[in-house]
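Visitor: You'll find final.txt just under this line, and it carries compact mmCIF, C-alpha atoms.
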```txt
# COMPACT_ATOMS: atom_id res chain seq x y z
CA MET A 155 -15.77 31.87 23.27
CA THR A 156 -16.68 30.46 19.86
CA SER A 157 -13.74 29.76 17.61
CA ARG A 158 -13.62 31.58 14.27
CA PHE A 159 -11.64 28.69 12.85
CA GLN A 160 -12.66 25.20 11.86
CA ARG A 161 -10.11 22.50 12.48
CA ALA A 162 -7.54 22.36 9.70
CA ARG A 163 -8.19 19.40 7.40
CA SER A 164 -5.26 19.73 5.01
CA PRO A 165 -1.52 20.54 5.28
CA GLU A 166 -2.16 23.92 3.64
CA ALA A 167 -4.91 24.78 6.12
CA LYS A 168 -2.70 23.68 9.01
CA ARG A 169 0.08 25.98 7.82
CA GLU A 170 -2.40 28.85 7.58
CA ARG A 171 -3.50 28.26 11.17
CA GLU A 172 0.10 28.09 12.34
CA GLU A 173 0.96 31.33 10.57
CA ALA A 174 -2.06 33.06 12.12
CA ILE A 175 -0.92 31.91 15.55
CA LEU A 176 2.67 33.02 14.91
CA ASP A 177 1.50 36.40 13.62
CA ALA A 178 -0.62 36.97 16.73
CA ALA A 179 2.23 35.92 19.03
CA THR A 180 4.57 38.30 17.20
CA GLN A 181 2.21 41.25 17.56
CA LEU A 182 1.52 40.60 21.24
CA ALA A 183 5.21 40.19 22.08
CA GLY A 184 6.01 43.43 20.27
CA GLU A 185 3.45 45.25 22.38
CA ARG A 186 4.09 43.65 25.77
CA GLY A 187 7.35 41.73 25.63
CA VAL A 188 7.69 37.96 25.33
CA ARG A 189 7.57 37.39 29.09
CA GLU A 190 4.09 38.92 29.47
CA VAL A 191 2.26 36.97 26.74
CA THR A 192 0.29 33.86 27.71
CA LEU A 193 -1.09 31.06 25.58
CA THR A 194 -4.58 32.32 26.39
CA ASP A 195 -3.63 35.77 25.08
CA ILE A 196 -2.53 34.28 21.78
CA ALA A 197 -5.62 32.08 21.53
CA ASP A 198 -7.89 35.07 22.14
CA ALA A 199 -6.04 37.11 19.49
CA VAL A 200 -6.68 34.50 16.81
CA GLY A 201 -10.19 33.63 17.96
CA MET A 202 -9.44 30.08 19.05
CA HIS A 203 -9.99 28.21 22.27
CA LYS A 204 -6.73 27.43 24.05
CA SER A 205 -7.35 23.67 23.75
CA ALA A 206 -7.67 24.05 19.97
CA MET A 207 -4.29 25.84 19.86
CA LEU A 208 -2.65 22.71 21.22
CA ARG A 209 -3.36 20.95 17.94
CA TYR A 210 -0.79 23.22 16.32
CA PHE A 211 1.74 24.00 19.06
CA GLU A 212 2.41 22.00 22.19
CA THR A 213 3.02 25.06 24.41
CA ARG A 214 3.42 28.83 24.36
CA GLU A 215 7.16 28.25 24.50
CA GLU A 216 7.12 26.26 21.27
CA ILE A 217 5.43 29.18 19.51
CA TYR A 218 8.14 31.58 20.56
CA LEU A 219 10.92 29.07 19.93
CA ARG A 220 9.63 28.79 16.35
CA LEU A 221 9.75 32.59 16.09
CA THR A 222 13.29 32.60 17.48
CA ALA A 223 14.42 30.16 14.79
CA ARG A 224 12.76 32.32 12.16
CA GLY A 225 14.45 35.37 13.64
CA TRP A 226 17.86 33.72 13.33
CA THR A 227 17.27 32.97 9.66
CA GLU A 228 16.12 36.49 8.85
CA TRP A 229 18.89 38.15 10.86
CA VAL A 230 21.71 36.10 9.34
CA ALA A 231 20.47 36.75 5.80
CA ALA A 232 20.45 40.50 6.48
CA LEU A 233 23.84 40.41 8.22
CA ARG A 234 25.51 38.51 5.38
CA ALA A 235 24.24 41.06 2.88
CA GLN A 236 25.53 43.92 5.02
CA LEU A 237 28.93 42.32 5.52
CA ASP A 238 29.22 41.72 1.77
CA ASP A 239 28.53 45.42 1.31
CA VAL A 240 31.20 46.31 3.88
CA GLY A 241 33.70 44.20 1.93
CA ARG A 242 32.83 45.92 -1.34
CA ARG A 243 32.91 49.44 0.09
CA THR A 244 36.04 49.14 2.24
CA ALA A 245 39.22 48.19 0.46
CA GLY A 246 42.53 47.57 2.15
CA ALA A 247 43.47 45.69 5.30
CA PRO A 248 40.77 43.89 7.32
CA ARG A 249 41.41 46.29 10.23
CA GLU A 250 39.97 49.09 8.12
CA ARG A 251 36.68 47.20 7.93
CA VAL A 252 36.29 46.69 11.66
CA PRO A 253 34.21 49.82 12.48
CA ALA A 254 31.77 49.19 9.64
CA ALA A 255 31.51 45.46 10.41
CA ALA A 256 30.91 46.07 14.12
CA GLN A 257 28.26 48.63 13.26
CA ALA A 258 26.60 46.23 10.82
CA LEU A 259 26.48 43.54 13.51
CA THR A 260 24.96 45.89 16.04
CA ARG A 261 22.46 47.67 13.83
CA SER A 262 21.20 44.45 12.30
CA LEU A 263 20.38 43.24 15.81
CA VAL A 264 19.07 46.47 17.33
CA SER A 265 16.71 46.92 14.38
CA ARG A 266 15.07 43.61 15.40
CA PRO A 267 13.85 44.23 18.97
CA LEU A 268 11.63 41.14 19.08
CA PHE A 269 14.54 38.94 18.01
CA CYS A 270 16.70 40.50 20.75
CA ASP A 271 13.95 39.79 23.28
CA LEU A 272 13.69 36.20 22.07
CA LEU A 273 17.47 35.73 22.21
CA ALA A 274 17.35 36.42 25.94
CA HIS A 275 14.36 34.20 26.65
CA ALA A 276 15.25 31.18 24.50
CA PRO A 277 17.85 29.57 26.81
CA LEU A 278 16.23 30.80 30.02
CA ASN A 279 12.60 29.87 29.39
CA LEU A 280 11.60 28.81 25.90
CA GLU A 281 13.67 25.63 25.77
CA ARG A 282 12.28 24.40 29.10
CA ASN A 283 8.63 23.63 28.42
CA VAL A 284 8.82 21.83 25.10
CA SER A 285 9.70 18.34 23.92
CA LEU A 286 13.31 17.30 23.47
CA GLU A 287 12.70 16.92 19.74
CA THR A 288 11.49 20.53 19.56
CA VAL A 289 14.63 21.70 21.36
CA ARG A 290 16.82 19.61 19.06
CA THR A 291 15.18 21.02 15.93
CA PHE A 292 15.56 24.56 17.21
CA LYS A 293 19.18 24.11 18.28
CA LEU A 294 20.24 22.59 14.96
CA SER A 295 18.62 25.47 13.07
CA ALA A 296 20.11 28.17 15.32
CA LEU A 297 23.58 26.59 15.24
CA ALA A 298 23.52 26.35 11.46
CA GLN A 299 22.58 30.01 11.17
CA SER A 300 25.21 31.05 13.71
CA ALA A 301 27.83 29.13 11.74
CA ALA A 302 26.77 30.90 8.53
CA ALA A 303 27.08 34.27 10.26
CA SER A 304 30.51 33.30 11.61
CA ARG A 305 31.76 32.33 8.16
CA ALA A 306 30.57 35.61 6.69
CA LEU A 307 32.29 37.59 9.44
CA ALA A 308 35.51 35.59 9.10
CA THR A 309 35.55 36.23 5.35
CA CYS A 310 34.90 39.94 5.78
CA LEU A 311 37.54 40.54 8.45
CA GLY A 312 40.08 37.76 8.00
CA LEU A 313 39.31 36.30 11.42
CA GLU A 314 39.91 32.70 12.36
CA GLU A 315 36.75 30.64 12.40
CA ALA A 316 36.77 30.23 16.19
CA GLN A 317 37.30 33.96 16.65
CA ALA A 318 34.41 34.84 14.36
CA ARG A 319 32.21 32.34 16.17
CA ASN A 320 33.03 33.99 19.49
CA VAL A 321 32.18 37.43 18.10
CA ILE A 322 28.80 36.21 16.86
CA THR A 323 28.13 34.59 20.24
CA ALA A 324 29.07 37.80 22.05
CA ALA A 325 26.95 39.94 19.73
CA THR A 326 23.78 37.86 20.04
CA THR A 327 24.13 37.16 23.76
CA MET A 328 24.80 40.78 24.67
CA ALA A 329 22.10 42.08 22.33
CA GLY A 330 19.57 39.94 24.18
CA ALA A 331 20.78 41.00 27.61
CA LEU A 332 21.15 44.70 26.82
CA HIS A 333 17.71 44.78 25.22
CA GLN A 334 16.19 43.67 28.53
CA ILE A 335 17.97 46.52 30.31
CA ALA A 336 17.21 49.15 27.69
CA ALA A 337 13.54 48.30 27.24
CA PRO A 338 11.93 47.22 30.52
CA HIS A 339 8.40 46.17 29.62
CA THR A 340 6.93 46.78 33.07
CA PRO A 341 5.42 50.30 33.17
CA ALA A 342 6.38 50.68 36.83
CA LEU A 343 10.04 49.95 36.06
CA ARG A 344 10.08 52.34 33.10
CA HIS A 345 8.65 55.10 35.31
CA LEU A 346 11.14 54.36 38.09
CA TYR A 347 14.18 54.50 35.81
CA ALA A 348 12.95 57.64 34.06
CA SER A 349 12.02 59.52 37.24
CA ASP A 350 14.92 58.72 39.57
CA PRO A 351 18.14 60.58 38.66
CA ASP A 352 20.20 58.04 40.61
CA LEU A 353 18.99 55.27 38.30
CA THR A 354 19.68 56.88 34.93
CA HIS A 355 22.69 54.57 34.51
CA ALA A 356 20.33 51.59 34.70
CA LEU A 357 19.16 52.27 31.16
CA VAL A 358 21.62 51.80 28.32
CA ASP A 359 21.74 52.98 24.74
CA VAL A 360 22.31 49.58 23.17
CA GLU A 361 23.70 50.52 19.76
CA PRO A 362 26.76 52.57 20.79
CA ARG A 363 27.46 50.30 23.78
CA LEU A 364 27.38 47.09 21.79
CA THR A 365 29.25 48.59 18.83
CA ASP A 366 32.06 49.69 21.13
CA ILE A 367 32.33 46.26 22.77
CA LEU A 368 32.34 44.37 19.47
CA THR A 369 34.88 46.78 17.95
CA ALA A 370 37.23 46.17 20.88
CA LEU A 371 36.77 42.39 20.69
CA ILE A 372 37.38 42.19 16.94
CA THR A 373 40.36 44.58 17.11
CA GLY A 374 41.90 42.45 19.86
CA TYR A 375 41.54 39.28 17.81
CA LEU A 376 43.10 40.89 14.74
CA ALA A 377 46.00 42.20 16.81
CA THR A 378 46.85 38.71 18.05
CA SER A 379 46.40 36.91 14.73
```
Go ahead and render the structure in this file as structure tokens.

Guide:
Amino acid sequence: MTSRFQRARSPEAKREREEAILDAATQLAGERGVREVTLTDIADAVGMHKSAMLRYFETREEIYLRLTARGWTEWVAALRAQLDDVGRRTAGAPRERVPAAAQALTRSLVSRPLFCDLLAHAPLNLERNVSLETVRTFKLSALAQSAAASRALATCLGLEEAQARNVITAATTMAGALHQIAAPHTPALRHLYASDPDLTHALVDVEPRLTDILTALITGYLATS
């Protein structure tokens, strides 16, 4: 196929190419799930030959690792705003804020299905076919964002820093895992779960399940503090 793009000759043009690639990868993953998208699929979507794509990203995994880092930044910004709102709206003891804070954690994640999908794939697949420097850059970014989320949660609920960090870890890890269960991307699996009454328990409603778990975890920490 003939590429629609000429090779980027300036930093601005390179950034434009990268954004076009990231946008295509985002759309494809939203339609099919991260697991099902290949580098060739992304190249076709942006009208580039796969070899030309390698001038901008070393592998498919690097593309999605970049999107995971971006997802962390966007999620933490939204979560901090929501937790600030919880603090303003709910006066009194930190325990009175627990239901609203747990709900804010859950809804901010569930409303970002691609981020949840990426959270599951990052440690399993995306960190394994990229350079060590790419992994290091991603990890430093994700850890910084996780720490910012932990500080916001600790401030909102009066948790110890280590406790808040564990809650954030539980929320993001379980959101990624539960998303895979709740939204199987294979049509055959979706049909099987929907058509077999004995398998109805295989699908979960992520928001109430995760909210309940996080509420119990936070309440337990506050009870022992």

Visitor: With all atoms listed in the file as the counted atoms, please give the residues lying no more than 12 Å from range 298-308 of chain A, apart from itself and same-chain residues fewer than 4 positions off, as a PyMOL selection string.

Guide: chain A and resi 222-241+248+251-252+254-256+258-259+262+291-294+312-327+372+375-376

Visitor: Using all atoms listed in the file for the distances, tell me which of A:Ile175, A:Leu332, A:Val360, A:Leu368 is nearest to His203 in chain A.

Guide: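 Closest to His203 in chain A, using all atoms listed in the file: A:Ile175.
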
Visitor: In Å to one decimal, how far is CA of Ala179 in chain A from CA of Ala197 in chain A?

Guide: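 Between CA of Ala197 in chain A and CA of Ala179 in chain A the gap works out to 9.1 Å.
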
Visitor: State, in Å with one decimal place, the distance from CA of Asp198 in chain A to CA of Ala174 in chain A.

Guide: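 Between CA of Asp198 in chain A and CA of Ala174 in chain A the gap works out to 11.8 Å.
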
Visitor: May I ask for the distance between CA of Ala329 in chain A and CA of Ala276 in chain A, given in Å to one decimal place?

Guide: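 So the answer is 13.1 Å.
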
Visitor: Calculated over all atoms listed in the file, which of the candidates A:Leu346, A:Leu219, A:Arg266, A:Ala274 has the smallest distance to Ala296 in chain A?

Guide: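 Among the listed residues, A:Leu219 lies closest to Ala296 in chain A.
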
Visitor: With all atoms listed in the file as the atoms that count, which of A:His275, A:Arg214, A:Arg261, A:Arg171 lies nearest to Thr365 in chain A?

Guide: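 Nearest to Thr365 in chain A: A:Arg261.
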
Visitor: Check the smallest atom-to-atom distance from each of A:Leu278, A:Leu268, A:His333, A:Pro351 to Gly184 in chain A using all atoms listed in the file, then report the winner.

Guide: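 Result for the nearest residue to Gly184 in chain A: A:Leu268.
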
Visitor: Just checking: using only C-alpha atoms, which residue out of A:Thr194, A:Thr369, A:Gln334, A:Ser164 ends up closest to Cys270 in chain A?

Guide: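 Selected residue with least distance to Cys270 in chain A: A:Gln334.
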
Visitor: With 10 Å as the threshold, what does the neighbourhood of (-1.9, 30.5, 24.6) contain in terms of residues, counting all atoms listed in the file? Coordinates are those of the file; answer as a PyMOL selection string.

Guide: chain A and resi 175+179+191-200+202-208+211-215+217

Visitor: Find, counting only C-alpha atoms, the residue in A:Val264, A:Glu250, A:Asp350, A:Ile335 that gets nearest to Leu311 in chain A.

Guide: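 Of A:Val264, A:Glu250, A:Asp350, A:Ile335, the one nearest Leu311 in chain A, counting only C-alpha atoms, is A:Glu250.
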
Visitor: Please, could all heavy atoms be added to range 226-237 of chain A and the result written as a short mmCIF file (atom, residue, chain, number, x, y, z; two decimals), keeping the file's coordinate frame?

Guide:
```cif
data_model
loop_
_atom_site.label_atom_id
_atom_site.label_comp_id
_atom_site.auth_asym_id
_atom_site.auth_seq_id
_atom_site.Cartn_x
_atom_site.Cartn_y
_atom_site.Cartn_z
N TRP A 226 16.47 34.02 13.68
CA TRP A 226 17.86 33.72 13.33
C TRP A 226 18.05 33.71 11.81
O TRP A 226 19.01 34.29 11.29
CB TRP A 226 18.25 32.34 13.88
CG TRP A 226 18.86 32.35 15.24
CD1 TRP A 226 18.26 32.01 16.42
CD2 TRP A 226 20.21 32.70 15.57
NE1 TRP A 226 19.14 32.14 17.46
CE2 TRP A 226 20.35 32.55 16.97
CE3 TRP A 226 21.31 33.12 14.83
CZ2 TRP A 226 21.55 32.81 17.64
CZ3 TRP A 226 22.50 33.38 15.48
CH2 TRP A 226 22.62 33.23 16.86
N THR A 227 17.16 33.06 11.12
CA THR A 227 17.27 32.97 9.66
C THR A 227 17.22 34.34 9.01
O THR A 227 18.04 34.67 8.13
CB THR A 227 16.16 32.07 9.10
OG1 THR A 227 16.27 30.76 9.67
CG2 THR A 227 16.25 31.97 7.58
N GLU A 228 16.27 35.16 9.43
CA GLU A 228 16.12 36.49 8.85
C GLU A 228 17.30 37.38 9.20
O GLU A 228 17.79 38.14 8.36
CB GLU A 228 14.81 37.11 9.34
CG GLU A 228 13.57 36.39 8.82
CD GLU A 228 12.29 36.89 9.45
OE1 GLU A 228 12.37 37.67 10.43
OE2 GLU A 228 11.20 36.48 8.98
N TRP A 229 17.77 37.31 10.45
CA TRP A 229 18.89 38.15 10.86
C TRP A 229 20.16 37.79 10.10
O TRP A 229 20.86 38.68 9.61
CB TRP A 229 19.15 38.03 12.36
CG TRP A 229 20.41 38.74 12.77
CD1 TRP A 229 20.66 40.09 12.68
CD2 TRP A 229 21.61 38.15 13.28
NE1 TRP A 229 21.94 40.37 13.12
CE2 TRP A 229 22.54 39.20 13.49
CE3 TRP A 229 21.97 36.84 13.60
CZ2 TRP A 229 23.81 38.97 14.00
CZ3 TRP A 229 23.25 36.61 14.10
CH2 TRP A 229 24.15 37.67 14.29
N VAL A 230 20.47 36.51 10.00
CA VAL A 230 21.71 36.10 9.34
C VAL A 230 21.69 36.47 7.86
O VAL A 230 22.71 36.91 7.31
CB VAL A 230 21.96 34.59 9.55
CG1 VAL A 230 23.14 34.11 8.70
CG2 VAL A 230 22.24 34.31 11.02
N ALA A 231 20.55 36.35 7.21
CA ALA A 231 20.47 36.75 5.80
C ALA A 231 20.77 38.24 5.65
O ALA A 231 21.51 38.65 4.75
CB ALA A 231 19.08 36.43 5.26
N ALA A 232 20.20 39.05 6.53
CA ALA A 232 20.45 40.50 6.48
C ALA A 232 21.90 40.81 6.81
O ALA A 232 22.54 41.66 6.15
CB ALA A 232 19.51 41.22 7.45
N LEU A 233 22.45 40.15 7.81
CA LEU A 233 23.84 40.41 8.22
C LEU A 233 24.81 40.05 7.10
O LEU A 233 25.75 40.81 6.82
CB LEU A 233 24.18 39.60 9.48
CG LEU A 233 25.63 39.72 9.95
CD1 LEU A 233 25.96 41.14 10.37
CD2 LEU A 233 25.90 38.74 11.10
N ARG A 234 24.61 38.92 6.46
CA ARG A 234 25.51 38.51 5.38
C ARG A 234 25.50 39.53 4.25
O ARG A 234 26.56 39.86 3.69
CB ARG A 234 25.12 37.13 4.87
CG ARG A 234 25.36 36.02 5.88
CD ARG A 234 24.84 34.67 5.41
NE ARG A 234 25.62 34.15 4.30
CZ ARG A 234 25.36 33.01 3.70
NH1 ARG A 234 24.34 32.25 4.10
NH2 ARG A 234 26.11 32.59 2.70
N ALA A 235 24.33 40.05 3.93
CA ALA A 235 24.24 41.06 2.88
C ALA A 235 24.99 42.32 3.29
O ALA A 235 25.69 42.94 2.48
CB ALA A 235 22.78 41.37 2.58
N GLN A 236 24.86 42.71 4.55
CA GLN A 236 25.53 43.92 5.02
C GLN A 236 27.05 43.74 5.07
O GLN A 236 27.80 44.65 4.74
CB GLN A 236 25.00 44.31 6.40
CG GLN A 236 23.56 44.80 6.37
CD GLN A 236 23.04 45.18 7.74
OE1 GLN A 236 23.74 45.80 8.53
NE2 GLN A 236 21.81 44.80 8.04
N LEU A 237 27.49 42.56 5.49
CA LEU A 237 28.93 42.32 5.52
C LEU A 237 29.52 42.25 4.11
O LEU A 237 30.65 42.70 3.88
CB LEU A 237 29.23 41.02 6.29
CG LEU A 237 28.97 41.06 7.80
CD1 LEU A 237 29.21 39.68 8.41
CD2 LEU A 237 29.85 42.10 8.48
#
```
